[in-house]
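Chemist: One structure follows; several queries about it will come next.
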Amino acid sequence: MSIEQPRTLSARAVVRARKRAARARFLAEFRRETAGVVGLAVLVVFIALALLAPLLFSSDELKVTEATGGNLQGPNSTYWLGTDETGRSVLALLVWGTRVSLLVGFAATVISMAIGTLVGIASGHFGTWVGAILERLTDWFLVIPFLPLAIALSTVLGASLVNIIVVIGVTSWPGTARLVRAQTLSVEARPYLERARVLGGGHWHQMSRHVLPNVMPLVLANTTLTVAIAILSETTLSFLGLGDPFRVSWGSMLDNAFGAGAISSGAWWYTMPPGVCVVVVVLAFTLVGRALENVLDPRAGK
C-alpha cells in the first residue's frame with residue numbers, strides 16, 4: 001500500500017503537469033494570433049455590454065409608453081444615437097438587443113454542436129445500417145436550403161425566443177456533423193482503437209473515451225464559427241418578422257426601422273448601429289474561430 005500510493009500520486013501529478021503545460025502552450029500560441037486576440041477583445045466588450053445592460057439603461061426605456069423623445073429624432077446630447085419611430089433611445093435598444101442576439105447565438109450553437117457532434121461520431125463509428133441512416137439524414141439536411149427551412153419551422157412553431165433558438169439549433173448542425181464524421185473516421189483507423197476493441201471496450205467506451213477527446217479540438221474551433229452563423233440567422237429571421245415581438249434584438253431593430261421608413265427618411269442612426277454591430281460581432285467570432293483552428297490544427301494555417 002505504501003508503495004502503490006506514491007506511484008498513484010506521482011501519476012496524477014504528471015497528468016496535472018501535462019495539462020498545465022498544454023494550457024500554457026495553447027495560450028502562448030493563441031496570443032501569437034493577432035487577429036484572434038483582436039476578435040476576442042471585441043467579443044469581451046460586447047459580452048460586457050450584454051451583462052451590464054440593466055445597469056446602463058433601465059428596462060423602462062424599452063417601453064413605448066415611457067418614451068420621451070421625438071419621432072426619429074437625430075443624435076444629440078440626450079440621445080447619443082437618436083430615437084426610433086416611437087421616441088425610444090436607439091442606444092438603449094442597441095445595448096439591450098445585444099443580450100438577445102448573443103443569447104440566441106450561444107444557445108443555438110450549443111444545440112447545434114451537441115446534435116452535430118453526436119450524429120458525426122455515431123455515423124463515423126458505426127459502419128452498419130445505423131451509420132448509413134445517420135449519414136443520409138445529414139445529407140438530407142445539407143441538401144435543403146437553410147433559410148427556407150428555418151423560415152418554415154419558425155412559421156409553424158410561432159414567434160418566440162425559445163422557438164428561434166430551437167429552429168436555428170436544429171437546422172445548423174449538418175456542417176458540424178460532416179466535419180466530426182471525417183475526423184471520427186480518421187481516429188477509428190488508429191491502433192489504440194483496435195486495442196480498445198480487442199480488450200472488450202464497448203461502443204460507448206470507444207466513442208466517449210477515445211473518439212470524443214480527439215474530435216473536441218475541431219468542435220471547439222467550429223463552435224465560434226457556428227455562433228456567428230446563428231447570430232446572422234437570428235438577425236435574418238427577426239428582420240423577416242419571425243423573431244420574438246416582445247424582445248429587442250438587432251434583427252428586430254432593423255425590421256422596425258425598415259417598417260418605419262427610416263431608410264427613405266434618412267434616419268441612418270436607426271439602421272446603421274444594429275447593422276454595424278451584427279457585422280462586427282460576426283467578424284470577431286470568425287477571427288477567433290480561425291485563430292483557434294490554426295492553434296489546434298497547425299496544418300490549417302499552412
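We label chains A, B, ... in the order they appear in the C-alpha cells, count residues from 1 in each chain, and number ligands from 1 in the order shown.
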List every residue of region 230-278 of chain A that DSSP, applied to the backbone, labels as helix (DSSP H, G or I), and write the result as a PyMOL selection string.
Modeler: chain A and resi 230-239+250-259+268-278
Chemist: Just to be explicit: take each residue in the selection above, keep N, CA, C and O atoms, and write the result as a CSV table (one decimal), in the first residue's frame.
Modeler:
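Just written: part-v4.csv:
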chain,number,residue,atom,x,y,z
A,230,ALA,N,-25.3,31.6,-36.3
A,230,ALA,CA,-26.5,31.7,-35.5
A,230,ALA,C,-27.0,33.1,-35.3
A,230,ALA,O,-28.2,33.4,-35.4
A,231,ILE,N,-26.0,34.0,-35.1
A,231,ILE,CA,-26.4,35.4,-34.9
A,231,ILE,C,-26.9,36.0,-36.2
A,231,ILE,O,-27.9,36.8,-36.2
A,232,LEU,N,-26.3,35.7,-37.3
A,232,LEU,CA,-26.8,36.1,-38.6
A,232,LEU,C,-28.2,35.6,-38.9
A,232,LEU,O,-29.0,36.3,-39.4
A,233,SER,N,-28.4,34.3,-38.5
A,233,SER,CA,-29.7,33.7,-38.8
A,233,SER,C,-30.8,34.4,-37.9
A,233,SER,O,-31.9,34.6,-38.4
A,234,GLU,N,-30.4,34.7,-36.7
A,234,GLU,CA,-31.4,35.3,-35.8
A,234,GLU,C,-31.8,36.7,-36.4
A,234,GLU,O,-32.9,37.1,-36.4
A,235,THR,N,-30.7,37.4,-36.8
A,235,THR,CA,-31.0,38.7,-37.4
A,235,THR,C,-31.9,38.7,-38.6
A,235,THR,O,-32.8,39.5,-38.8
A,236,THR,N,-31.6,37.7,-39.5
A,236,THR,CA,-32.4,37.5,-40.7
A,236,THR,C,-33.9,37.2,-40.4
A,236,THR,O,-34.8,37.7,-40.9
A,237,LEU,N,-34.1,36.2,-39.5
A,237,LEU,CA,-35.4,35.8,-39.1
A,237,LEU,C,-36.2,36.9,-38.4
A,237,LEU,O,-37.4,37.1,-38.7
A,238,SER,N,-35.5,37.7,-37.6
A,238,SER,CA,-36.2,38.8,-36.9
A,238,SER,C,-36.5,39.9,-37.9
A,238,SER,O,-37.5,40.6,-37.8
A,239,PHE,N,-35.6,40.1,-38.9
A,239,PHE,CA,-35.8,41.1,-39.9
A,239,PHE,C,-37.0,40.8,-40.7
A,239,PHE,O,-37.8,41.6,-41.2
A,250,TRP,N,-31.0,43.0,-32.4
A,250,TRP,CA,-30.5,43.7,-33.6
A,250,TRP,C,-31.4,43.5,-34.8
A,250,TRP,O,-31.6,44.4,-35.6
A,251,GLY,N,-31.8,42.3,-35.0
A,251,GLY,CA,-32.7,42.0,-36.2
A,251,GLY,C,-34.0,42.7,-36.1
A,251,GLY,O,-34.5,43.2,-37.1
A,252,SER,N,-34.6,42.7,-34.9
A,252,SER,CA,-35.9,43.3,-34.7
A,252,SER,C,-35.8,44.8,-34.9
A,252,SER,O,-36.7,45.5,-35.4
A,253,MET,N,-34.7,45.4,-34.5
A,253,MET,CA,-34.4,46.8,-34.7
A,253,MET,C,-34.4,47.2,-36.2
A,253,MET,O,-35.0,48.1,-36.6
A,254,LEU,N,-33.7,46.3,-37.0
A,254,LEU,CA,-33.7,46.5,-38.4
A,254,LEU,C,-35.0,46.4,-39.0
A,254,LEU,O,-35.4,47.1,-40.0
A,255,ASP,N,-35.8,45.4,-38.5
A,255,ASP,CA,-37.2,45.2,-39.1
A,255,ASP,C,-38.0,46.4,-38.8
A,255,ASP,O,-38.8,46.9,-39.6
A,256,ASN,N,-38.0,46.9,-37.5
A,256,ASN,CA,-38.8,48.1,-37.2
A,256,ASN,C,-38.3,49.3,-37.9
A,256,ASN,O,-39.2,50.1,-38.3
A,257,ALA,N,-37.0,49.5,-38.1
A,257,ALA,CA,-36.5,50.6,-38.9
A,257,ALA,C,-37.0,50.6,-40.3
A,257,ALA,O,-37.4,51.6,-40.9
A,258,PHE,N,-37.0,49.4,-40.9
A,258,PHE,CA,-37.5,49.3,-42.3
A,258,PHE,C,-39.0,49.6,-42.4
A,258,PHE,O,-39.4,50.2,-43.3
A,259,GLY,N,-39.7,49.1,-41.4
A,259,GLY,CA,-41.2,49.3,-41.4
A,259,GLY,C,-41.5,50.8,-41.1
A,259,GLY,O,-42.6,51.3,-41.6
A,268,TRP,N,-30.3,57.5,-40.6
A,268,TRP,CA,-29.2,56.5,-40.6
A,268,TRP,C,-28.9,56.0,-39.2
A,268,TRP,O,-28.3,54.9,-39.0
A,269,TRP,N,-29.1,56.8,-38.2
A,269,TRP,CA,-28.8,56.5,-36.8
A,269,TRP,C,-29.7,55.3,-36.3
A,269,TRP,O,-29.4,54.7,-35.3
A,270,TYR,N,-30.7,55.0,-37.0
A,270,TYR,CA,-31.6,53.9,-36.6
A,270,TYR,C,-31.3,52.6,-37.3
A,270,TYR,O,-31.4,51.5,-36.8
A,271,THR,N,-30.8,52.7,-38.5
A,271,THR,CA,-30.4,51.5,-39.3
A,271,THR,C,-29.0,51.1,-39.2
A,271,THR,O,-28.7,49.9,-39.2
A,272,MET,N,-28.1,52.0,-39.1
A,272,MET,CA,-26.7,51.7,-39.2
A,272,MET,C,-26.1,51.0,-37.9
A,272,MET,O,-25.4,50.0,-38.0
A,273,PRO,N,-26.4,51.5,-36.7
A,273,PRO,CA,-25.8,50.9,-35.5
A,273,PRO,C,-26.1,49.4,-35.4
A,273,PRO,O,-25.2,48.6,-35.2
A,274,PRO,N,-27.4,48.9,-35.5
A,274,PRO,CA,-27.6,47.4,-35.4
A,274,PRO,C,-26.9,46.7,-36.5
A,274,PRO,O,-26.3,45.6,-36.3
A,275,GLY,N,-26.9,47.2,-37.7
A,275,GLY,CA,-26.2,46.6,-38.8
A,275,GLY,C,-24.7,46.5,-38.6
A,275,GLY,O,-24.1,45.4,-38.8
A,276,VAL,N,-24.1,47.5,-38.1
A,276,VAL,CA,-22.7,47.5,-37.8
A,276,VAL,C,-22.3,46.5,-36.7
A,276,VAL,O,-21.3,45.8,-36.8
A,277,CYS,N,-23.2,46.5,-35.7
A,277,CYS,CA,-22.9,45.6,-34.5
A,277,CYS,C,-23.0,44.1,-35.0
A,277,CYS,O,-22.2,43.3,-34.6
A,278,VAL,N,-23.9,43.8,-35.9
A,278,VAL,CA,-24.0,42.4,-36.4
A,278,VAL,C,-22.7,42.1,-37.2
A,278,VAL,O,-22.1,41.0,-37.0
Chemist: Got a sec: who's within 7 Å of region 80-91 of chain A, counting only C-alpha atoms, leaving out chain neighbours fewer than 6 positions off, as an MDAnalysis selection string?
Modeler: chainID A and resid 61:62 64 67:74 260 269:270
Chemist: Would you export the selected residues with all heavy atoms as a CSV table (one decimal), in the first residue's frame, please?
Modeler:
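result.csv, written as the output of this step:
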chain,number,residue,atom,x,y,z
A,61,GLU,N,-36.9,52.1,-20.4
A,61,GLU,CA,-36.6,52.8,-21.6
A,61,GLU,C,-37.0,52.1,-22.9
A,61,GLU,O,-37.0,52.6,-24.0
A,61,GLU,CB,-35.2,53.2,-21.6
A,61,GLU,CG,-34.7,54.1,-20.5
A,61,GLU,CD,-33.3,54.6,-20.7
A,61,GLU,OE1,-32.9,55.0,-21.8
A,61,GLU,OE2,-32.5,54.6,-19.7
A,62,LEU,N,-37.3,50.8,-22.7
A,62,LEU,CA,-37.7,50.0,-23.9
A,62,LEU,C,-39.2,50.0,-24.1
A,62,LEU,O,-39.7,49.6,-25.2
A,62,LEU,CB,-37.3,48.5,-23.7
A,62,LEU,CG,-35.8,48.2,-23.4
A,62,LEU,CD1,-35.5,46.7,-23.2
A,62,LEU,CD2,-34.9,48.8,-24.5
A,64,VAL,N,-42.7,51.6,-25.0
A,64,VAL,CA,-43.2,52.7,-25.9
A,64,VAL,C,-43.9,53.7,-25.0
A,64,VAL,O,-43.8,54.9,-25.3
A,64,VAL,CB,-44.2,52.1,-26.9
A,64,VAL,CG1,-44.7,53.2,-27.8
A,64,VAL,CG2,-43.4,51.1,-27.8
A,67,ALA,N,-41.5,56.4,-23.5
A,67,ALA,CA,-40.7,57.1,-24.4
A,67,ALA,C,-40.9,58.6,-24.3
A,67,ALA,O,-42.0,59.1,-24.1
A,67,ALA,CB,-41.0,56.7,-25.9
A,68,THR,N,-39.8,59.3,-24.3
A,68,THR,CA,-39.8,60.8,-24.1
A,68,THR,C,-39.2,61.6,-25.2
A,68,THR,O,-39.3,62.8,-25.2
A,68,THR,CB,-39.1,61.2,-22.8
A,68,THR,OG1,-37.7,60.7,-22.9
A,68,THR,CG2,-39.8,60.6,-21.6
A,69,GLY,N,-38.6,60.9,-26.2
A,69,GLY,CA,-38.0,61.6,-27.3
A,69,GLY,C,-39.0,61.8,-28.5
A,69,GLY,O,-40.1,61.4,-28.4
A,70,GLY,N,-38.4,62.5,-29.5
A,70,GLY,CA,-39.2,62.8,-30.6
A,70,GLY,C,-39.2,61.6,-31.6
A,70,GLY,O,-38.5,60.7,-31.5
A,71,ASN,N,-40.1,61.7,-32.6
A,71,ASN,CA,-40.2,60.7,-33.6
A,71,ASN,C,-39.0,60.7,-34.6
A,71,ASN,O,-38.7,61.7,-35.3
A,71,ASN,CB,-41.5,60.9,-34.4
A,71,ASN,CG,-41.6,59.8,-35.5
A,71,ASN,OD1,-40.9,58.8,-35.5
A,71,ASN,ND2,-42.6,60.0,-36.4
A,72,LEU,N,-38.1,59.7,-34.6
A,72,LEU,CA,-36.9,59.6,-35.4
A,72,LEU,C,-36.1,60.9,-35.2
A,72,LEU,O,-35.6,61.5,-36.2
A,72,LEU,CB,-37.3,59.4,-36.9
A,72,LEU,CG,-37.9,58.0,-37.2
A,72,LEU,CD1,-38.2,58.0,-38.7
A,72,LEU,CD2,-37.0,56.9,-36.9
A,73,GLN,N,-35.9,61.2,-34.0
A,73,GLN,CA,-35.0,62.4,-33.6
A,73,GLN,C,-33.6,62.0,-33.8
A,73,GLN,O,-33.1,60.9,-33.4
A,73,GLN,CB,-35.3,62.8,-32.2
A,73,GLN,CG,-34.6,64.0,-31.7
A,73,GLN,CD,-34.9,64.4,-30.3
A,73,GLN,OE1,-35.9,63.9,-29.8
A,73,GLN,NE2,-34.2,65.3,-29.7
A,74,GLY,N,-32.8,62.9,-34.4
A,74,GLY,CA,-31.4,62.7,-34.7
A,74,GLY,C,-30.5,62.7,-33.4
A,74,GLY,O,-31.0,63.1,-32.3
A,260,ALA,N,-40.7,51.5,-40.4
A,260,ALA,CA,-40.9,52.9,-40.1
A,260,ALA,C,-40.4,53.8,-41.2
A,260,ALA,O,-40.6,55.1,-41.0
A,260,ALA,CB,-40.3,53.3,-38.7
A,269,TRP,N,-29.1,56.8,-38.2
A,269,TRP,CA,-28.8,56.5,-36.8
A,269,TRP,C,-29.7,55.3,-36.3
A,269,TRP,O,-29.4,54.7,-35.3
A,269,TRP,CB,-29.0,57.7,-35.9
A,269,TRP,CG,-30.4,58.2,-35.9
A,269,TRP,CD1,-31.5,57.8,-35.2
A,269,TRP,CD2,-30.9,59.3,-36.8
A,269,TRP,NE1,-32.6,58.6,-35.5
A,269,TRP,CE2,-32.2,59.5,-36.5
A,269,TRP,CE3,-30.3,60.1,-37.7
A,269,TRP,CZ2,-33.0,60.4,-37.1
A,269,TRP,CZ3,-31.0,61.0,-38.4
A,269,TRP,CH2,-32.4,61.2,-38.1
A,270,TYR,N,-30.7,55.0,-37.0
A,270,TYR,CA,-31.6,53.9,-36.6
A,270,TYR,C,-31.3,52.6,-37.3
A,270,TYR,O,-31.4,51.5,-36.8
A,270,TYR,CB,-33.1,54.3,-36.9
A,270,TYR,CG,-34.1,53.4,-36.3
A,270,TYR,CD1,-33.8,52.5,-35.3
A,270,TYR,CD2,-35.5,53.5,-36.7
A,270,TYR,CE1,-34.8,51.7,-34.7
A,270,TYR,CE2,-36.4,52.8,-36.1
A,270,TYR,CZ,-36.1,51.8,-35.1
A,270,TYR,OH,-37.1,51.1,-34.5
Chemist: Point out the residue among A:Leu153, A:Leu142, A:Ile263, A:Ala92 with the least atom-to-atom distance to Ser59 (chain A), counting only C-alpha atoms.
Modeler: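 Going through A:Leu153, A:Leu142, A:Ile263, A:Ala92 one by one, the smallest distance to Ser59 (chain A) is for A:Ala92.
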Chemist: Pull the closest atom pair for each residue of region 99-119 of chain A that gets at most 12 Å from region 127-138 of chain A, along with the distance in Å to one decimal, counting only C-alpha atoms, ordering rows by chain and then ascending residue number, as CSV.
Modeler:
residue,atom,partner,partner_atom,distance
A:Ile115,CA,A:Thr138,CA,10.7
A:Gly116,CA,A:Thr138,CA,9.0
A:Thr117,CA,A:Thr138,CA,11.8
A:Leu118,CA,A:Leu134,CA,10.1
A:Val119,CA,A:Leu134,CA,6.5
Chemist: Just the residues within 8 Å of Thr223 (chain A), please, counting only C-alpha atoms, with nothing from its chain fewer than 6 positions along; format it as number ranges by chain.
Modeler: A: 109, 113, 289
Chemist: Would you mind telling me which residue in A:Thr224, A:Thr176, A:Ser123, A:Ser265 lies nearest to Ala284 (chain A) when using only C-alpha atoms?
Modeler: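 For Ala284 (chain A), the nearest of the candidates is A:Thr224.
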Chemist: Hey, what's within 9 Å of Leu157 (chain A) if we count only C-alpha atoms and toss same-chain stuff fewer than 6 positions away? As a PyMOL selection string, please?
Modeler: chain A and resi 163-164+167
Chemist: How would the residues just chosen look if you wrote them out with all heavy atoms as a PDB file, in the first residue's frame?
Modeler:
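Result saved to selection-v3.pdb:
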ATOM      1  N   ASN A 163     -38.355  29.391 -29.542  1.00  0.00           N
ATOM      2  CA  ASN A 163     -38.549  28.765 -30.846  1.00  0.00           C
ATOM      3  C   ASN A 163     -37.451  29.159 -31.828  1.00  0.00           C
ATOM      4  O   ASN A 163     -36.994  28.332 -32.629  1.00  0.00           O
ATOM      5  CB  ASN A 163     -39.918  29.133 -31.416  1.00  0.00           C
ATOM      6  CG  ASN A 163     -41.055  28.459 -30.668  1.00  0.00           C
ATOM      7  OD1 ASN A 163     -40.845  27.484 -29.953  1.00  0.00           O
ATOM      8  ND2 ASN A 163     -42.258  28.989 -30.803  1.00  0.00           N
ATOM      9  N   ILE A 164     -37.021  30.410 -31.776  1.00  0.00           N
ATOM     10  CA  ILE A 164     -35.937  30.856 -32.658  1.00  0.00           C
ATOM     11  C   ILE A 164     -34.657  30.090 -32.341  1.00  0.00           C
ATOM     12  O   ILE A 164     -33.933  29.640 -33.246  1.00  0.00           O
ATOM     13  CB  ILE A 164     -35.710  32.370 -32.487  1.00  0.00           C
ATOM     14  CG1 ILE A 164     -36.833  33.153 -33.151  1.00  0.00           C
ATOM     15  CG2 ILE A 164     -34.373  32.785 -33.099  1.00  0.00           C
ATOM     16  CD1 ILE A 164     -36.874  33.038 -34.654  1.00  0.00           C
ATOM     17  N   VAL A 167     -35.091  26.469 -33.597  1.00  0.00           N
ATOM     18  CA  VAL A 167     -35.076  26.402 -35.067  1.00  0.00           C
ATOM     19  C   VAL A 167     -33.662  26.528 -35.602  1.00  0.00           C
ATOM     20  O   VAL A 167     -33.220  25.743 -36.455  1.00  0.00           O
ATOM     21  CB  VAL A 167     -35.984  27.504 -35.656  1.00  0.00           C
ATOM     22  CG1 VAL A 167     -35.712  27.678 -37.143  1.00  0.00           C
ATOM     23  CG2 VAL A 167     -37.443  27.166 -35.426  1.00  0.00           C
TER      24      VAL A 167
END
Chemist: Residues near Glu188 (chain A), anyone? I mean within 8 Å using only C-alpha atoms, not counting same-chain ones fewer than 6 positions away, as number ranges by chain.
Modeler: A: 125, 194, 211
Chemist: Suppose you want the space between CA of Val187 (chain A) and CA of Ala108 (chain A); what is it in Å?
Modeler: 27.6 Å
Chemist: Find the residues around Arg31 (chain A) up to 12 Å (only C-alpha atoms counted), leave out those fewer than 3 positions away in its own chain, and share them as a short mmCIF file (atom, residue, chain, number, x, y, z; two decimals) with all heavy atoms, in the first residue's frame.
Modeler:
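selection.cif was written with the following content:
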data_model
loop_
_atom_site.label_atom_id
_atom_site.label_comp_id
_atom_site.auth_asym_id
_atom_site.auth_seq_id
_atom_site.Cartn_x
_atom_site.Cartn_y
_atom_site.Cartn_z
N ALA A 24 -0.76 26.25 -21.06
CA ALA A 24 0.20 27.34 -21.25
C ALA A 24 0.64 27.42 -22.71
O ALA A 24 0.77 28.52 -23.27
CB ALA A 24 1.40 27.15 -20.34
N ARG A 25 0.87 26.27 -23.32
CA ARG A 25 1.27 26.25 -24.72
C ARG A 25 0.15 26.78 -25.62
O ARG A 25 0.39 27.53 -26.58
CB ARG A 25 1.65 24.83 -25.13
CG ARG A 25 2.20 24.72 -26.54
CD ARG A 25 2.85 23.36 -26.77
NE ARG A 25 1.93 22.26 -26.51
CZ ARG A 25 1.99 21.46 -25.46
NH1 ARG A 25 2.93 21.64 -24.54
NH2 ARG A 25 1.12 20.47 -25.30
N PHE A 26 -1.09 26.40 -25.29
CA PHE A 26 -2.24 26.88 -26.07
C PHE A 26 -2.37 28.40 -25.98
O PHE A 26 -2.56 29.09 -26.99
CB PHE A 26 -3.52 26.21 -25.58
CG PHE A 26 -4.77 26.81 -26.14
CD1 PHE A 26 -5.21 26.46 -27.40
CD2 PHE A 26 -5.51 27.73 -25.40
CE1 PHE A 26 -6.36 27.02 -27.93
CE2 PHE A 26 -6.67 28.29 -25.91
CZ PHE A 26 -7.09 27.93 -27.17
N LEU A 27 -2.26 28.95 -24.76
CA LEU A 27 -2.38 30.40 -24.58
C LEU A 27 -1.26 31.13 -25.29
O LEU A 27 -1.47 32.19 -25.91
CB LEU A 27 -2.39 30.74 -23.09
CG LEU A 27 -3.61 30.27 -22.30
CD1 LEU A 27 -3.44 30.59 -20.82
CD2 LEU A 27 -4.88 30.93 -22.84
N ALA A 28 -0.06 30.58 -25.22
CA ALA A 28 1.08 31.23 -25.89
C ALA A 28 0.89 31.25 -27.40
O ALA A 28 1.16 32.26 -28.07
CB ALA A 28 2.38 30.50 -25.52
N THR A 34 -2.67 37.44 -33.86
CA THR A 34 -3.10 38.82 -33.60
C THR A 34 -4.56 39.04 -33.92
O THR A 34 -5.29 39.66 -33.14
CB THR A 34 -2.24 39.80 -34.43
OG1 THR A 34 -0.85 39.56 -34.16
CG2 THR A 34 -2.59 41.23 -34.07
N ALA A 35 -5.00 38.52 -35.05
CA ALA A 35 -6.40 38.71 -35.43
C ALA A 35 -7.34 38.04 -34.43
O ALA A 35 -8.38 38.60 -34.08
CB ALA A 35 -6.64 38.13 -36.83
N GLY A 36 -6.96 36.87 -33.94
CA GLY A 36 -7.79 36.19 -32.95
C GLY A 36 -7.86 36.95 -31.64
O GLY A 36 -8.93 37.01 -31.01
N VAL A 37 -6.75 37.55 -31.22
CA VAL A 37 -6.74 38.33 -29.98
C VAL A 37 -7.63 39.56 -30.12
O VAL A 37 -8.39 39.91 -29.20
CB VAL A 37 -5.30 38.73 -29.62
CG1 VAL A 37 -5.29 39.68 -28.43
CG2 VAL A 37 -4.46 37.50 -29.31
N VAL A 38 -7.56 40.22 -31.28
CA VAL A 38 -8.42 41.39 -31.51
C VAL A 38 -9.89 40.98 -31.50
O VAL A 38 -10.74 41.64 -30.90
CB VAL A 38 -8.06 42.05 -32.86
CG1 VAL A 38 -9.06 43.15 -33.20
CG2 VAL A 38 -6.65 42.63 -32.80
N GLY A 39 -10.20 39.87 -32.17
CA GLY A 39 -11.57 39.39 -32.17
C GLY A 39 -12.07 39.05 -30.78
O GLY A 39 -13.21 39.36 -30.42
N LEU A 40 -11.21 38.43 -29.97
CA LEU A 40 -11.59 38.08 -28.59
C LEU A 40 -11.84 39.34 -27.76
O LEU A 40 -12.78 39.39 -26.97
CB LEU A 40 -10.49 37.24 -27.95
CG LEU A 40 -10.75 36.75 -26.53
CD1 LEU A 40 -12.00 35.89 -26.47
CD2 LEU A 40 -9.55 35.98 -26.00
N ALA A 41 -11.02 40.36 -27.95
CA ALA A 41 -11.21 41.62 -27.23
C ALA A 41 -12.55 42.26 -27.59
O ALA A 41 -13.27 42.78 -26.72
CB ALA A 41 -10.05 42.58 -27.52
N VAL A 288 -11.80 34.75 -34.19
CA VAL A 288 -11.45 33.85 -33.09
C VAL A 288 -11.49 32.39 -33.56
O VAL A 288 -10.62 31.58 -33.21
CB VAL A 288 -12.40 34.06 -31.90
CG1 VAL A 288 -12.16 33.02 -30.81
CG2 VAL A 288 -12.23 35.46 -31.32
N ALA A 291 -8.44 31.64 -35.63
CA ALA A 291 -7.26 31.55 -34.77
C ALA A 291 -7.22 30.23 -34.02
O ALA A 291 -6.18 29.58 -33.92
CB ALA A 291 -7.24 32.73 -33.80
N LEU A 292 -8.37 29.81 -33.48
CA LEU A 292 -8.42 28.52 -32.79
C LEU A 292 -8.11 27.38 -33.75
O LEU A 292 -7.44 26.41 -33.37
CB LEU A 292 -9.80 28.32 -32.17
CG LEU A 292 -10.15 29.18 -30.95
CD1 LEU A 292 -11.59 28.95 -30.54
CD2 LEU A 292 -9.21 28.88 -29.79
N ASN A 294 -6.15 27.49 -36.34
CA ASN A 294 -4.71 27.49 -36.58
C ASN A 294 -3.93 26.94 -35.39
O ASN A 294 -2.91 26.26 -35.56
CB ASN A 294 -4.23 28.90 -36.91
CG ASN A 294 -4.76 29.40 -38.24
OD1 ASN A 294 -5.12 28.61 -39.11
ND2 ASN A 294 -4.84 30.71 -38.39
N VAL A 295 -4.41 27.24 -34.18
CA VAL A 295 -3.70 26.79 -32.98
C VAL A 295 -3.91 25.30 -32.75
O VAL A 295 -2.95 24.56 -32.46
CB VAL A 295 -4.15 27.59 -31.75
CG1 VAL A 295 -3.57 27.01 -30.48
CG2 VAL A 295 -3.74 29.06 -31.89
#
Chemist: Just the residues within 8 Å of Ile229 (chain A), please, counting only C-alpha atoms, with nothing from its chain fewer than 4 positions along; format it as a ChimeraX atom specification.
Modeler: /A:105,225,233,282
Chemist: Could you tell me how far CA of Val219 (chain A) sits from CA of Glu33 (chain A), in Å to one decimal place?
Modeler: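 Taking CA of Glu33 (chain A) as the start and CA of Val219 (chain A) as the end point, the length is 19.2 Å.
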Chemist: Quick check, in Å to one decimal: how far apart do CA of Thr226 (chain A) and CA of Val100 (chain A) lie?
Modeler: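 CA of Val100 (chain A) lies 16.4 Å from CA of Thr226 (chain A).
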